[in-house]
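Here is the structure we will look at.
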Amino acid sequence: MFFNCLSVGIGGFIGSVFRYLIGLSPVLRQGALPLQTLLVNVVGAIFIGMILKWTQSGVVVNEQLTLFLRIGICGGFTTFSTFSQETAVMVQEGRWLPAFSYALLSVGLCVLGVFLGQWTAGKFSS
């Protein structure tokens with residue numbers, strides 16, 4: 001139990017730091033949509049899809065490594081709560097089209113990201 005918690009904590013630290021660094025990008029701060037959060041969520045979806053494929057195919061079998069990658073890094077990195085808050089603010093500000101576009105893009109691209117991650121991991125583990 002201790003090593004499981006340690007694995008999640010260390011992974012969460014790494015994921016959170018990477019999330020913070022992407023949020024600092026001035027290039028992604030331009031425009032009507034919060035592209036930093038969108039990018040983080042799509043990359044996180046691809047990565048968690050890869051982890052899912054690797055665990056299903058037996059490439060990753062260590063419980064601590066799975067916890068480190070899936071719950072730690074992905075949990076610290078992805079920002080669904082931030083996405084939800086940003087969408088709510090856009091709706092409250094009356095910016096319905098950007099809010100709707102952002103929600104559709106986030107959900108659609110992240111679901112596709114999981115499939116892309118599984119496909120990519122399958123290419124590397126075959």
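By convention here, the chains of the structure tokens are called A, B, ... in the order presented, each chain's residues are numbered starting at 1, and ligands are numbered starting at 1 in the order presented.
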
Close residues, stretch 19-34 of chain A itself excluded, 10 Å, only C-alpha atoms, min 2 positions apart in chain, as a ChimeraX atom specification: /A:13-17,36-41,44,73-74,76-79,82-83,86-87,90,95,98-99,101-102

Go ahead and dump the residues you just picked, C-alpha atoms, as a compact mmCIF listing (two decimals), in the first residue's frame.
```txt
# COMPACT_ATOMS: atom_id res chain seq x y z
CA PHE A 13 4.08 15.44 -9.09
CA ILE A 14 5.57 14.83 -12.55
CA GLY A 15 2.23 15.16 -14.33
CA SER A 16 1.35 18.34 -12.46
CA VAL A 17 4.68 19.98 -13.26
CA GLN A 36 -3.43 24.81 -23.17
CA THR A 37 -6.15 22.77 -21.47
CA LEU A 38 -7.33 21.26 -24.75
CA LEU A 39 -3.77 20.18 -25.62
CA VAL A 40 -3.18 18.71 -22.17
CA ASN A 41 -6.41 16.74 -22.25
CA GLY A 44 -3.33 12.86 -21.69
CA ILE A 73 1.13 11.08 -14.26
CA CYS A 74 -2.17 11.15 -16.18
CA GLY A 76 -1.74 15.02 -12.33
CA PHE A 77 -1.41 16.05 -15.98
CA THR A 78 -4.94 16.07 -17.35
CA THR A 79 -7.27 18.82 -16.39
CA THR A 82 -10.15 22.96 -15.38
CA PHE A 83 -11.91 22.20 -18.68
CA GLU A 86 -13.41 27.16 -18.35
CA THR A 87 -16.49 25.97 -20.22
CA MET A 90 -17.61 30.93 -21.21
CA ARG A 95 -19.94 33.05 -25.18
CA PRO A 98 -16.83 29.06 -28.12
CA ALA A 99 -18.11 27.11 -25.09
CA SER A 101 -17.06 24.29 -29.69
CA TYR A 102 -14.58 23.82 -26.87
```

| task | Based on DSSP run over this structure's backbone, return all residues of stretch 25-89 of chain A in alpha helix (DSSP H), as a PyMOL selection string. | result | chain A and resi 35-56+63-66+75-77+80-89

* To do: Can you pull out every residue within 9 Å of stretch 115-124 of chain A, counting only C-alpha atoms, but drop anything in the same chain fewer than 2 positions away, and send it as a list in words?
  =>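 Counting only the stated atoms, we get Ala45, Ile46, Phe47, Ile48, Gly49, Met50, Ile51, Leu52, Lys53, Trp54, Ser57, Cys110, Val111, Leu112, Gly113 and Ser126 of chain A.
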
Output of the above residues as a PDB file, in the first residue's frame, restricted to N, CA and C atoms:
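Now in again-v1.pdb:
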```pdb
ATOM      1  N   ALA A  45      -5.153  11.935 -22.994  1.00  0.00           N
ATOM      2  CA  ALA A  45      -6.013  10.863 -23.503  1.00  0.00           C
ATOM      3  C   ALA A  45      -5.205   9.877 -24.351  1.00  0.00           C
ATOM      4  N   ILE A  46      -4.322  10.399 -25.182  1.00  0.00           N
ATOM      5  CA  ILE A  46      -3.465   9.525 -25.998  1.00  0.00           C
ATOM      6  C   ILE A  46      -2.578   8.674 -25.085  1.00  0.00           C
ATOM      7  N   PHE A  47      -1.974   9.308 -24.092  1.00  0.00           N
ATOM      8  CA  PHE A  47      -1.076   8.598 -23.182  1.00  0.00           C
ATOM      9  C   PHE A  47      -1.822   7.531 -22.377  1.00  0.00           C
ATOM     10  N   ILE A  48      -3.013   7.853 -21.887  1.00  0.00           N
ATOM     11  CA  ILE A  48      -3.755   6.862 -21.108  1.00  0.00           C
ATOM     12  C   ILE A  48      -4.238   5.724 -22.013  1.00  0.00           C
ATOM     13  N   GLY A  49      -4.504   6.023 -23.285  1.00  0.00           N
ATOM     14  CA  GLY A  49      -4.827   4.962 -24.238  1.00  0.00           C
ATOM     15  C   GLY A  49      -3.654   4.026 -24.449  1.00  0.00           C
ATOM     16  N   MET A  50      -2.460   4.586 -24.523  1.00  0.00           N
ATOM     17  CA  MET A  50      -1.258   3.758 -24.656  1.00  0.00           C
ATOM     18  C   MET A  50      -1.066   2.883 -23.419  1.00  0.00           C
ATOM     19  N   ILE A  51      -1.242   3.459 -22.250  1.00  0.00           N
ATOM     20  CA  ILE A  51      -1.097   2.696 -21.007  1.00  0.00           C
ATOM     21  C   ILE A  51      -2.119   1.568 -20.962  1.00  0.00           C
ATOM     22  N   LEU A  52      -3.351   1.867 -21.350  1.00  0.00           N
ATOM     23  CA  LEU A  52      -4.405   0.850 -21.372  1.00  0.00           C
ATOM     24  C   LEU A  52      -4.009  -0.316 -22.275  1.00  0.00           C
ATOM     25  N   LYS A  53      -3.525  -0.004 -23.463  1.00  0.00           N
ATOM     26  CA  LYS A  53      -3.114  -1.054 -24.404  1.00  0.00           C
ATOM     27  C   LYS A  53      -1.952  -1.859 -23.836  1.00  0.00           C
ATOM     28  N   TRP A  54      -0.972  -1.175 -23.254  1.00  0.00           N
ATOM     29  CA  TRP A  54       0.194  -1.870 -22.709  1.00  0.00           C
ATOM     30  C   TRP A  54      -0.180  -2.790 -21.551  1.00  0.00           C
ATOM     31  N   SER A  57      -2.145  -5.834 -23.028  1.00  0.00           N
ATOM     32  CA  SER A  57      -1.316  -6.765 -23.803  1.00  0.00           C
ATOM     33  C   SER A  57      -0.191  -7.369 -22.970  1.00  0.00           C
ATOM     34  N   CYS A 110     -10.424  13.920 -27.229  1.00  0.00           N
ATOM     35  CA  CYS A 110      -9.878  13.078 -26.159  1.00  0.00           C
ATOM     36  C   CYS A 110     -10.316  11.626 -26.312  1.00  0.00           C
ATOM     37  N   VAL A 111     -11.552  11.390 -26.731  1.00  0.00           N
ATOM     38  CA  VAL A 111     -11.980  10.014 -26.995  1.00  0.00           C
ATOM     39  C   VAL A 111     -11.171   9.445 -28.165  1.00  0.00           C
ATOM     40  N   LEU A 112     -11.007  10.234 -29.230  1.00  0.00           N
ATOM     41  CA  LEU A 112     -10.158   9.792 -30.344  1.00  0.00           C
ATOM     42  C   LEU A 112      -8.720   9.584 -29.881  1.00  0.00           C
ATOM     43  N   GLY A 113      -8.261  10.425 -28.948  1.00  0.00           N
ATOM     44  CA  GLY A 113      -6.909  10.293 -28.412  1.00  0.00           C
ATOM     45  C   GLY A 113      -6.683   8.954 -27.726  1.00  0.00           C
ATOM     46  N   SER A 126       4.147  -4.776 -30.733  1.00  0.00           N
ATOM     47  CA  SER A 126       3.999  -5.962 -31.599  1.00  0.00           C
ATOM     48  C   SER A 126       5.333  -6.420 -32.127  1.00  0.00           C
TER      49      SER A 126
END
```

With distances taken over only C-alpha atoms, the candidate from A:Met1, A:Leu104, A:Val91, A:Val8 nearest A:Leu67 is A:Val8
